[in-house]
>>> print(open('data-v2.cif').read())   # mmCIF, C-alpha atoms
data_my_file
loop_
_atom_site.label_atom_id
_atom_site.label_comp_id
_atom_site.auth_asym_id
_atom_site.auth_seq_id
_atom_site.Cartn_x
_atom_site.Cartn_y
_atom_site.Cartn_z
CA MET A 327 108.23 -53.68 -61.44
CA ARG A 328 109.15 -50.08 -60.54
CA GLU A 329 106.34 -47.57 -60.90
CA LYS A 330 106.80 -44.93 -63.58
CA ASP A 331 107.51 -41.38 -62.37
CA TYR A 332 105.01 -39.06 -64.01
CA SER A 333 105.68 -35.94 -61.94
CA SER A 334 108.45 -34.65 -64.20
CA ALA A 335 106.69 -35.39 -67.50
CA ASP A 336 105.01 -32.58 -69.45
CA ASP A 337 101.28 -32.53 -70.19
CA GLN A 338 101.72 -33.75 -73.76
CA SER A 339 103.56 -36.92 -72.82
CA LEU A 340 101.17 -37.53 -69.91
CA VAL A 341 98.26 -37.30 -72.33
CA ARG A 342 99.98 -39.75 -74.70
CA ASP A 343 100.57 -42.22 -71.85
CA ALA A 344 97.00 -41.81 -70.59
CA GLN A 345 95.70 -42.44 -74.12
CA LYS A 346 97.50 -45.79 -73.98
CA GLY A 347 95.50 -46.57 -70.85
CA GLU A 348 98.01 -45.58 -68.16
CA MET A 349 95.91 -44.37 -65.25
CA GLY A 350 98.96 -43.08 -63.35
CA ALA A 351 99.55 -40.53 -66.12
CA PHE A 352 95.93 -39.42 -65.95
CA GLU A 353 96.12 -39.12 -62.15
CA GLU A 354 99.04 -36.72 -62.57
CA LEU A 355 97.01 -34.62 -65.05
CA VAL A 356 94.13 -34.50 -62.57
CA ALA A 357 96.48 -33.41 -59.78
CA ARG A 358 97.94 -30.63 -61.95
CA HIS A 359 94.73 -29.11 -63.25
CA ARG A 360 92.04 -30.01 -60.70
CA ASP A 361 92.07 -26.54 -59.06
CA LYS A 362 91.60 -24.74 -62.37
CA ILE A 363 88.74 -27.01 -63.41
CA TYR A 364 87.08 -26.66 -60.01
CA ALA A 365 87.51 -22.86 -60.07
CA ARG A 366 85.75 -22.64 -63.42
CA ALA A 367 82.89 -24.87 -62.20
CA PHE A 368 82.57 -22.76 -59.06
CA SER A 369 82.58 -19.46 -60.95
CA MET A 370 79.66 -20.72 -63.03
CA MET A 371 77.68 -22.60 -60.39
CA ARG A 372 78.37 -20.42 -57.30
CA ASN A 373 77.98 -23.54 -55.16
CA GLU A 374 80.87 -25.53 -53.70
CA GLU A 375 79.19 -28.94 -53.63
CA GLU A 376 77.89 -28.70 -57.19
CA ALA A 377 81.26 -27.42 -58.39
CA VAL A 378 83.07 -30.40 -56.82
CA ASP A 379 80.59 -32.88 -58.33
CA LEU A 380 80.74 -31.31 -61.77
CA SER A 381 84.51 -31.10 -61.79
CA GLN A 382 84.64 -34.80 -60.85
CA GLU A 383 82.22 -35.60 -63.67
CA ALA A 384 84.37 -33.55 -66.05
CA TRP A 385 87.45 -35.65 -65.19
CA VAL A 386 85.54 -38.89 -65.78
CA LYS A 387 84.35 -37.55 -69.15
CA GLY A 388 87.90 -36.40 -69.89
CA TRP A 389 89.21 -39.96 -69.43
CA GLN A 390 86.41 -41.42 -71.55
CA ARG A 391 86.99 -38.95 -74.40
CA LEU A 392 90.76 -38.89 -74.18
CA SER A 393 91.15 -40.59 -77.56
CA GLN A 394 89.35 -37.58 -79.12
CA PHE A 395 91.92 -35.12 -77.77
CA GLN A 396 94.12 -34.19 -80.73
CA GLY A 397 96.18 -31.48 -79.06
CA GLU A 398 94.86 -28.47 -81.05
CA SER A 399 94.53 -26.66 -77.72
CA GLY A 400 96.26 -27.29 -74.40
CA PHE A 401 94.97 -30.14 -72.25
CA ALA A 402 93.79 -27.75 -69.50
CA THR A 403 91.85 -25.69 -72.07
CA TRP A 404 90.25 -28.87 -73.43
CA MET A 405 89.25 -29.96 -69.92
CA THR A 406 87.90 -26.48 -69.17
CA ARG A 407 85.60 -26.71 -72.20
CA ILE A 408 84.28 -30.03 -70.87
CA VAL A 409 83.49 -28.61 -67.43
CA ILE A 410 81.91 -25.48 -68.95
CA ASN A 411 79.56 -27.64 -71.04
CA LEU A 412 78.63 -29.75 -68.01
CA CYS A 413 77.92 -26.61 -65.96
CA LEU A 414 75.79 -25.14 -68.77
CA ASP A 415 73.76 -28.37 -68.97
CA GLN A 416 73.24 -28.32 -65.21
CA LEU A 417 72.28 -24.63 -65.16
CA ARG A 418 69.78 -25.16 -67.97
CA LYS A 419 68.23 -28.07 -66.06
CA GLN A 420 67.97 -25.94 -62.93
CA LYS A 421 66.42 -23.08 -64.90
CA ARG A 422 63.72 -25.37 -66.26
CA HIS A 423 62.72 -26.17 -62.67
CA ARG A 424 62.56 -22.53 -61.61
CA THR A 425 59.96 -19.83 -62.28
CA ASP A 426 62.11 -16.75 -62.41
CA SER A 427 59.95 -14.47 -64.53
CA ILE A 428 61.73 -11.29 -63.40
CA ASP A 429 65.10 -12.80 -64.29
CA ALA A 430 63.72 -13.86 -67.66
CA LEU A 431 62.44 -10.34 -68.31
CA ASP A 432 65.77 -8.82 -67.28
CA GLU A 433 67.52 -11.31 -69.53
CA GLU A 434 65.55 -9.99 -72.52
CA SER A 435 65.47 -6.29 -71.72
CA GLY A 436 68.63 -5.77 -69.69
CA GLY A 437 66.69 -4.66 -66.61
CA VAL A 438 66.73 -1.12 -65.21
CA GLU A 439 70.49 -0.80 -65.74
CA ARG A 440 69.91 -0.39 -69.45
CA GLN A 441 68.26 3.00 -68.84
CA LEU A 442 70.92 4.32 -66.47
CA PRO A 443 73.55 6.85 -67.59
CA PRO A 444 77.13 5.57 -67.91
CA VAL A 445 79.08 5.01 -64.69
CA VAL A 446 81.72 7.69 -65.04
CA VAL A 447 84.23 6.73 -62.34
CA ASN A 448 86.12 3.45 -62.51
CA PRO A 449 84.55 1.61 -59.55
CA THR A 450 87.57 -0.58 -58.88
CA ALA A 451 90.22 2.14 -59.17
CA GLY A 452 92.40 2.42 -56.09
CA LEU A 453 91.29 -0.91 -54.64
CA GLU A 454 93.71 -3.57 -53.51
CA ARG A 455 93.78 -6.66 -55.71
CA ASN A 456 92.17 -8.92 -53.13
CA GLU A 457 89.45 -6.40 -52.30
CA MET A 458 88.75 -5.89 -56.00
CA ARG A 459 88.51 -9.66 -56.54
CA LYS A 460 86.08 -10.02 -53.66
CA ARG A 461 83.84 -7.25 -54.96
CA ILE A 462 83.83 -8.57 -58.48
CA ASP A 463 83.15 -12.09 -57.30
CA HIS A 464 80.25 -10.81 -55.19
CA ALA A 465 78.85 -8.83 -58.13
CA LEU A 466 79.21 -11.82 -60.50
CA GLY A 467 77.17 -13.86 -58.04
CA GLN A 468 74.27 -11.46 -58.43
CA LEU A 469 73.97 -11.88 -62.20
CA SER A 470 71.70 -14.37 -63.96
CA TYR A 471 73.58 -17.45 -65.12
CA GLU A 472 73.34 -16.37 -68.76
CA HIS A 473 74.93 -12.99 -68.03
CA ARG A 474 77.55 -14.49 -65.73
CA THR A 475 78.47 -17.22 -68.21
CA VAL A 476 78.88 -14.84 -71.14
CA LEU A 477 81.23 -12.69 -69.04
CA ILE A 478 83.25 -15.70 -67.87
CA LEU A 479 83.63 -17.03 -71.40
CA HIS A 480 84.61 -13.64 -72.80
CA GLU A 481 86.80 -12.19 -70.04
CA PHE A 482 88.30 -15.30 -68.43
CA GLU A 483 88.31 -17.84 -71.26
CA GLU A 484 88.98 -15.11 -73.87
CA MET A 485 86.52 -16.57 -76.33
CA GLU A 486 85.31 -14.60 -79.36
CA TYR A 487 81.60 -13.87 -79.85
CA LYS A 488 81.31 -16.73 -82.34
CA GLN A 489 82.80 -19.29 -79.97
CA ILE A 490 80.57 -18.11 -77.11
CA ALA A 491 77.49 -18.41 -79.33
CA LYS A 492 78.47 -21.98 -80.20
CA THR A 493 79.17 -22.93 -76.58
CA MET A 494 75.95 -21.40 -75.25
CA GLY A 495 73.80 -22.53 -78.17
CA CYS A 496 72.53 -19.07 -79.10
CA SER A 497 73.02 -16.44 -81.82
CA ILE A 498 75.91 -13.95 -81.95
CA GLY A 499 73.32 -11.16 -81.53
CA THR A 500 72.19 -12.74 -78.25
CA VAL A 501 75.80 -13.01 -77.08
CA MET A 502 76.34 -9.31 -77.85
CA SER A 503 73.25 -8.16 -75.98
CA ARG A 504 73.90 -10.47 -73.01
CA LEU A 505 77.48 -9.26 -72.77
CA PHE A 506 76.37 -5.63 -72.93
CA TYR A 507 73.72 -6.03 -70.21
CA ALA A 508 76.07 -8.09 -68.06
CA ARG A 509 78.75 -5.40 -68.23
CA ARG A 510 76.28 -2.64 -67.45
CA LYS A 511 74.95 -4.54 -64.45
CA MET A 512 78.47 -5.19 -63.22
CA ALA A 513 79.33 -1.48 -63.56
CA VAL A 514 76.28 -0.48 -61.53
CA LEU A 515 76.79 -3.21 -58.91
CA LEU A 516 80.46 -2.35 -58.48
CA ALA A 517 79.66 1.36 -58.19
CA ASP A 518 77.05 0.55 -55.51
CA LEU A 519 79.53 -1.64 -53.67
CA LYS A 520 82.12 1.12 -53.76
CA LYS A 521 79.57 3.66 -52.52
CA SER A 522 78.42 1.43 -49.65
CA GLY A 523 82.08 0.74 -48.76
CA GLU A 524 82.85 4.47 -48.65
CA ASP A 525 79.72 5.11 -46.55
CA ARG A 526 80.89 2.49 -44.04
CA ILE A 527 84.30 4.16 -43.79
CA ALA A 528 82.67 7.64 -43.31
CA GLU A 529 80.54 6.28 -40.44
CA MET B 751 71.91 6.53 -77.74
CA GLY B 752 70.18 3.64 -79.48
CA PHE B 753 70.81 0.02 -78.57
CA ASP B 754 72.43 -0.79 -81.92
CA LYS B 755 74.93 2.00 -81.35
CA GLN B 756 75.70 0.75 -77.84
CA ILE B 757 76.28 -2.78 -79.13
CA LYS B 758 78.59 -1.46 -81.86
CA LEU B 759 80.60 0.49 -79.28
CA GLN B 760 81.06 -2.71 -77.32
CA ALA B 761 82.01 -4.75 -80.40
CA HIS B 762 84.56 -2.03 -81.26
CA LEU B 763 86.07 -2.36 -77.79
CA ASP B 764 86.22 -6.16 -78.14
CA GLY B 765 87.84 -5.96 -81.58
CA GLU B 766 84.93 -7.68 -83.29
CA LEU B 767 84.18 -5.06 -85.98
CA SER B 768 85.34 -4.90 -89.57
CA GLU B 769 87.72 -2.07 -90.49
CA LYS B 770 84.90 -0.11 -92.11
CA GLU B 771 82.65 -0.42 -89.05
CA ALA B 772 85.51 0.44 -86.71
CA ARG B 773 86.15 3.68 -88.67
CA GLU B 774 82.46 4.53 -88.34
CA VAL B 775 82.60 4.07 -84.54
CA THR B 776 85.76 6.20 -84.30
CA ARG B 777 83.85 9.00 -86.07
CA TRP B 778 80.98 8.78 -83.51
CA LEU B 779 83.41 8.87 -80.65
CA ALA B 780 84.88 12.11 -82.01
CA GLN B 781 81.47 13.76 -82.05
CA ASP B 782 79.38 12.17 -79.28
CA GLN B 783 80.32 12.68 -75.61
CA GLU B 784 77.76 10.11 -74.43
CA ALA B 785 79.36 7.48 -76.63
CA VAL B 786 82.76 8.33 -75.13
CA LEU B 787 81.39 7.89 -71.58
CA MET B 788 79.67 4.63 -72.46
CA GLN B 789 82.80 3.21 -73.99
CA ALA B 790 84.83 4.27 -70.93
CA GLU B 791 82.37 2.43 -68.66
CA LEU B 792 82.53 -0.69 -70.79
CA ARG B 793 86.33 -0.55 -70.88
CA ASN B 794 86.66 -0.05 -67.10
CA THR B 795 84.31 -2.94 -66.37
CA ARG B 796 86.09 -5.22 -68.81
CA GLN B 797 89.51 -4.44 -67.35
CA ALA B 798 88.29 -4.90 -63.78
CA ILE B 799 86.78 -8.32 -64.50
CA LYS B 800 89.71 -9.54 -66.61
CA GLY B 801 92.16 -9.13 -63.78
CA ALA B 802 89.88 -10.44 -61.09
CA GLU B 803 89.96 -14.18 -61.46
CA GLY B 804 91.36 -15.48 -58.23
CA PHE B 805 92.97 -18.76 -57.24
CA MET B 806 90.29 -21.22 -56.11
CA PRO B 807 91.65 -24.50 -54.72
CA LEU B 808 89.51 -27.61 -54.78
CA PRO B 809 88.37 -28.20 -51.18
CA GLU B 810 89.42 -31.91 -51.25
CA SER B 811 92.80 -33.58 -50.96
CA ARG B 812 94.54 -34.90 -54.07
CA GLU B 813 94.22 -38.54 -52.92
CA PHE B 814 90.55 -38.29 -51.95
CA PHE B 815 89.50 -36.50 -55.12
CA TRP B 816 91.43 -38.91 -57.35
CA SER B 817 89.98 -41.94 -55.55
CA LYS B 818 86.48 -40.66 -56.36
CA VAL B 819 87.36 -39.98 -60.00
CA LYS B 820 89.02 -43.40 -60.37
CA ARG B 821 86.12 -45.25 -58.74
CA GLU B 822 83.65 -43.55 -61.07
CA ILE B 823 85.79 -44.32 -64.14
CA GLU B 824 85.98 -47.99 -63.13
CA ARG B 825 82.28 -48.13 -62.32
CA GLN B 826 81.32 -46.77 -65.74
CA GLU B 827 83.92 -48.73 -67.66
CA PRO B 828 85.72 -51.59 -65.92
CA THR B 829 88.30 -51.96 -68.67
CA SER B 830 90.68 -49.45 -70.19
CA PRO B 831 89.03 -47.12 -72.74
CA VAL B 832 92.04 -47.41 -75.03
CA VAL B 833 91.81 -50.37 -77.34
CA GLU B 834 95.08 -52.12 -78.10
CA LYS B 835 96.03 -51.93 -81.74
CA GLY B 836 96.21 -55.24 -83.63
CA SER B 837 94.42 -57.30 -80.99
CA TRP B 838 93.27 -60.58 -82.58
CA MET B 839 90.25 -60.66 -80.26
CA THR B 840 89.14 -57.28 -81.62
CA ALA B 841 89.64 -58.43 -85.18
CA TRP B 842 87.65 -61.60 -84.47
CA ARG B 843 84.82 -59.59 -82.91
CA ARG B 844 84.78 -57.28 -85.92
CA LEU B 845 84.54 -60.25 -88.28
CA LEU B 846 81.91 -62.12 -86.30
CA ILE B 847 78.93 -59.92 -87.18
CA PRO B 848 79.50 -59.74 -90.98
CA ALA B 849 80.35 -63.47 -91.03
CA SER B 850 77.10 -64.32 -89.26
CA ALA B 851 75.17 -62.08 -91.65
CA ILE B 852 76.75 -63.81 -94.66
CA ALA B 853 75.90 -67.25 -93.23
CA VAL B 854 72.27 -66.30 -92.65
CA LEU B 855 72.07 -64.81 -96.14
CA ALA B 856 73.56 -67.96 -97.67
CA ILE B 857 71.02 -70.18 -95.90
CA ALA B 858 68.17 -67.91 -96.98
CA VAL B 859 69.35 -68.00 -100.61
CA LEU B 860 69.72 -71.76 -100.46
CA ILE B 861 66.17 -72.15 -99.15
CA SER B 862 64.66 -69.75 -101.67
CA VAL B 863 66.47 -71.22 -104.70
CA GLY B 864 64.57 -74.48 -104.40
CA PRO B 865 65.67 -78.07 -105.21
CA ILE B 866 69.03 -78.61 -106.87
CA ASP B 867 69.02 -80.81 -109.90
CA PHE B 868 72.14 -82.90 -109.36
CA ASN B 869 71.67 -84.65 -112.73
CA ARG B 870 71.80 -81.37 -114.65
CA PRO B 871 75.17 -80.97 -116.44
CA GLY B 872 77.38 -78.44 -114.61
CA SER B 873 75.79 -79.03 -111.22
CA VAL B 874 78.08 -79.48 -108.23
CA ALA B 875 79.59 -82.95 -108.52
CA GLU B 876 81.24 -82.88 -105.06
CA ILE B 877 77.89 -82.97 -103.38
CA GLU B 878 77.19 -86.34 -104.97
CA THR B 879 80.42 -87.77 -103.49
CA SER B 880 79.46 -86.49 -100.05
CA TYR B 881 76.65 -89.04 -99.92
CA GLY B 882 79.27 -91.75 -99.97
CA ASP B 883 81.28 -90.07 -97.24
CA THR B 884 80.51 -91.39 -93.77
CA GLY B 885 81.53 -88.01 -92.32
CA ALA B 886 78.83 -86.16 -94.29
CA PHE B 887 75.31 -85.48 -93.15
CA SER B 888 72.49 -84.17 -95.25
CA TYR B 889 69.17 -82.60 -94.49
CA ARG B 890 66.31 -82.41 -96.96
CA ASP B 891 63.40 -80.06 -96.39
CA GLU B 892 60.62 -81.10 -98.74
CA ALA B 893 58.43 -78.11 -97.93
CA ALA B 894 61.18 -75.63 -98.76
CA GLN B 895 62.47 -77.81 -101.57
CA ALA B 896 66.02 -77.48 -100.21
CA THR B 897 68.88 -79.79 -99.26
CA LEU B 898 71.62 -78.88 -96.77
CA VAL B 899 74.84 -80.86 -96.48
CA TRP B 900 77.34 -80.78 -93.56
CA LEU B 901 80.80 -82.18 -94.02
CA SER B 902 82.55 -83.19 -90.80
CA TYR B 903 86.33 -82.79 -90.35
CA PRO B 904 88.84 -84.31 -90.02
CA ALA B 905 88.23 -86.45 -93.08
CA ASP B 906 87.76 -90.21 -92.72
CA ASN B 907 91.30 -91.13 -93.70
CA GLU B 908 92.66 -88.75 -91.01
CA VAL B 909 90.36 -90.32 -88.39
CA ALA B 910 91.60 -93.72 -89.45
CA ASP B 911 95.22 -92.58 -89.03
CA SER B 912 94.45 -91.13 -85.64
CA ASP B 913 92.70 -94.40 -84.61
CA ALA B 914 95.75 -96.36 -85.71
CA ALA B 915 97.99 -94.12 -83.63
CA ASP B 916 95.76 -94.70 -80.58
CA THR B 917 96.03 -98.44 -81.10
CA VAL B 918 99.85 -98.35 -81.25
CA GLN B 919 99.94 -96.55 -77.93
#
>>> encode(input="data-v2.cif", output="structure tokens")
Amino acid sequence: MREKDYSSADDQSLVRDAQKGEMGAFEELVARHRDKIYARAFSMMRNEEEAVDLSQEAWVKGWQRLSQFQGESGFATWMTRIVINLCLDQLRKQKRHRTDSIDALDEESGGVERQLPPVVVNPTAGLERNEMRKRIDHALGQLSYEHRTVLILHEFEEMEYKQIAKTMGCSIGTVMSRLFYARRKMAVLLADLKKSGEDRIAE
Amino acid sequence: MGFDKQIKLQAHLDGELSEKEAREVTRWLAQDQEAVLMQAELRNTRQAIKGAEGFMPLPESREFFWSKVKREIERQEPTSPVVEKGSWMTAWRRLLIPASAIAVLAIAVLISVGPIDFNRPGSVAEIETSYGDTGAFSYRDEAAQATLVWLSYPADNEVADSDAADTVQ
């Protein structure tokens, strides 16, 4: 029997075929969206190995829960929610094994950035896109996972406060304060990065 | 500027305020230079992050990654997760548990009811005939005061027919 060609099918029909048990259709979905799912896992975990493992786990879960996918959102969005939840579970587990009292304090109070005056100049203005991405990625890596996650969900996944609260298992008030502190820290970190970059050029 | 005010400025920027609250924030912004600066910082940071998500390819080939996913799917669930509609095996499995429960219940009721008076008018006459049937077996538990009867099939006349057929051959 000739094998079915899935490469030209759209996501919706691939999902329908996969729901009937056709693994070839699911393989095509994995091939199409694996980079996006991995990128989200990496942005949350900041570790390549963990991101690969968690994105693999997300695809296994995706297959197992495929019958629950009703198509209210796109398939890639649905898969992204699965990997985000897996990453959050993993980050919570890791946090339980760590004693980061300073991080915990910063998480509650917003750290020293809360007291600083507003950063007046746009720290990424005039930067090339790649340079800006690198700096932002570096700054994101310096945030606590709670602050980083709230930024990712709001700015990249475009979730509302209510959705973020549900995903992270906290109140809307906590989402608002985490988002505020995360943005303030990012502004300060980016300004510092810009300053140190300019100093290097002056030398 | 108080924390509540800062949080409201942010919610205004993110479009999460009611119309009334948004009007209130607009009034502050017209009067308070610090609020204007804070909102500018929040806006700049938000815009910078929004446009900064880069392309991040998975550091494994398509074939290798899929082989790992497939192996794990098969390890956790050797058969397809999608159940075929109308499968008679599925229907049979669904029926098996309630049928077993009914059988157990029937035996329990039979045991608890006690001895059956076959001479009482209206009692089950067929049971009396089963004693004469060579294909019927009965079990009497004196302690539980209960009698169980098994009827074997095919019936005697069918067995006789089948025996006759064997003989012809």
>>> closest_atom_pairs(input="data-v2.cif", of="chain B", to="chain A", cutoff="6 Å", atoms="all atoms listed in the file", output="tab-separated table")
residue	atom	partner	partner_atom	distance
B:Met788	CA	A:Pro444	CA	5.3
B:Glu791	CA	A:Val445	CA	5.8
B:Asn794	CA	A:Asn448	CA	5.8
B:Thr795	CA	A:Ala513	CA	5.9
B:Lys800	CA	A:Glu481	CA	5.2
B:Ala802	CA	A:Arg459	CA	4.8
B:Met806	CA	A:Ala365	CA	5.1
B:Pro807	CA	A:Asp361	CA	4.8
B:Leu808	CA	A:Asp361	CA	5.1
B:Val819	CA	A:Gln382	CA	5.9
B:Ile823	CA	A:Val386	CA	5.7
B:Ser830	CA	A:Gly347	CA	5.7
B:Val832	CA	A:Gly347	CA	5.5
>>> write_last_selection(input="data-v2.cif", atoms="C-alpha atoms", output="PDB file, in the frame of the given file")
ATOM      1  CA  MET B 788      79.670   4.630 -72.460  1.00  0.00           C
ATOM      2  CA  GLU B 791      82.370   2.430 -68.660  1.00  0.00           C
ATOM      3  CA  ASN B 794      86.660  -0.050 -67.100  1.00  0.00           C
ATOM      4  CA  THR B 795      84.310  -2.940 -66.370  1.00  0.00           C
ATOM      5  CA  LYS B 800      89.710  -9.540 -66.610  1.00  0.00           C
ATOM      6  CA  ALA B 802      89.880 -10.440 -61.090  1.00  0.00           C
ATOM      7  CA  MET B 806      90.290 -21.220 -56.110  1.00  0.00           C
ATOM      8  CA  PRO B 807      91.650 -24.500 -54.720  1.00  0.00           C
ATOM      9  CA  LEU B 808      89.510 -27.610 -54.780  1.00  0.00           C
ATOM     10  CA  VAL B 819      87.360 -39.980 -60.000  1.00  0.00           C
ATOM     11  CA  ILE B 823      85.790 -44.320 -64.140  1.00  0.00           C
ATOM     12  CA  SER B 830      90.680 -49.450 -70.190  1.00  0.00           C
ATOM     13  CA  VAL B 832      92.040 -47.410 -75.030  1.00  0.00           C
TER      14      VAL B 832
END
>>> atom_distance(input="data-v2.cif", atom1="atom CA of Ala465 of chain A", atom2="atom CA of Trp404 of chain A")
27.7 Å
>>> atom_distance(input="data-v2.cif", atom1="atom CA of Ala893 of chain B", atom2="atom CA of Ser862 of chain B")
11.1 Å
>>> atom_distance(input="data-v2.cif", atom1="atom CA of Met370 of chain A", atom2="atom CA of Ala402 of chain A")
17.1 Å
>>> residues_around(input="data-v2.cif", residues="Arg418 of chain A", least_positions_apart="6", cutoff="12 Å", atoms="all atoms listed in the file", output="tab-separated table (two decimals) with C-alpha atoms, in the coordinates of the input")
chain	number	residue	atom	x	y	z
A	370	MET	CA	79.66	-20.72	-63.03
A	371	MET	CA	77.68	-22.60	-60.39
A	411	ASN	CA	79.56	-27.64	-71.04
A	412	LEU	CA	78.63	-29.75	-68.01
A	424	ARG	CA	62.56	-22.53	-61.61
A	470	SER	CA	71.70	-14.37	-63.96
A	471	TYR	CA	73.58	-17.45	-65.12
A	472	GLU	CA	73.34	-16.37	-68.76
A	475	THR	CA	78.47	-17.22	-68.21
A	494	MET	CA	75.95	-21.40	-75.25
A	495	GLY	CA	73.80	-22.53	-78.17
>>> resolve_selection(input="data-v2.cif", expression="the PyMOL selection byres ((chain B and resi 759-770) around 9)", output="short mmCIF file (atom, residue, chain, number, x, y, z; two decimals) with C-alpha atoms, in the coordinates of the input")
data_model
loop_
_atom_site.label_atom_id
_atom_site.label_comp_id
_atom_site.auth_asym_id
_atom_site.auth_seq_id
_atom_site.Cartn_x
_atom_site.Cartn_y
_atom_site.Cartn_z
CA GLU A 486 85.31 -14.60 -79.36
CA TYR A 487 81.60 -13.87 -79.85
CA MET A 502 76.34 -9.31 -77.85
CA LEU A 505 77.48 -9.26 -72.77
CA PHE A 506 76.37 -5.63 -72.93
CA ASP B 754 72.43 -0.79 -81.92
CA LYS B 755 74.93 2.00 -81.35
CA GLN B 756 75.70 0.75 -77.84
CA ILE B 757 76.28 -2.78 -79.13
CA LYS B 758 78.59 -1.46 -81.86
CA GLU B 771 82.65 -0.42 -89.05
CA ALA B 772 85.51 0.44 -86.71
CA ARG B 773 86.15 3.68 -88.67
CA GLU B 774 82.46 4.53 -88.34
CA VAL B 775 82.60 4.07 -84.54
CA THR B 776 85.76 6.20 -84.30
CA LEU B 779 83.41 8.87 -80.65
CA ALA B 785 79.36 7.48 -76.63
CA MET B 788 79.67 4.63 -72.46
CA GLN B 789 82.80 3.21 -73.99
CA LEU B 792 82.53 -0.69 -70.79
CA ARG B 793 86.33 -0.55 -70.88
#
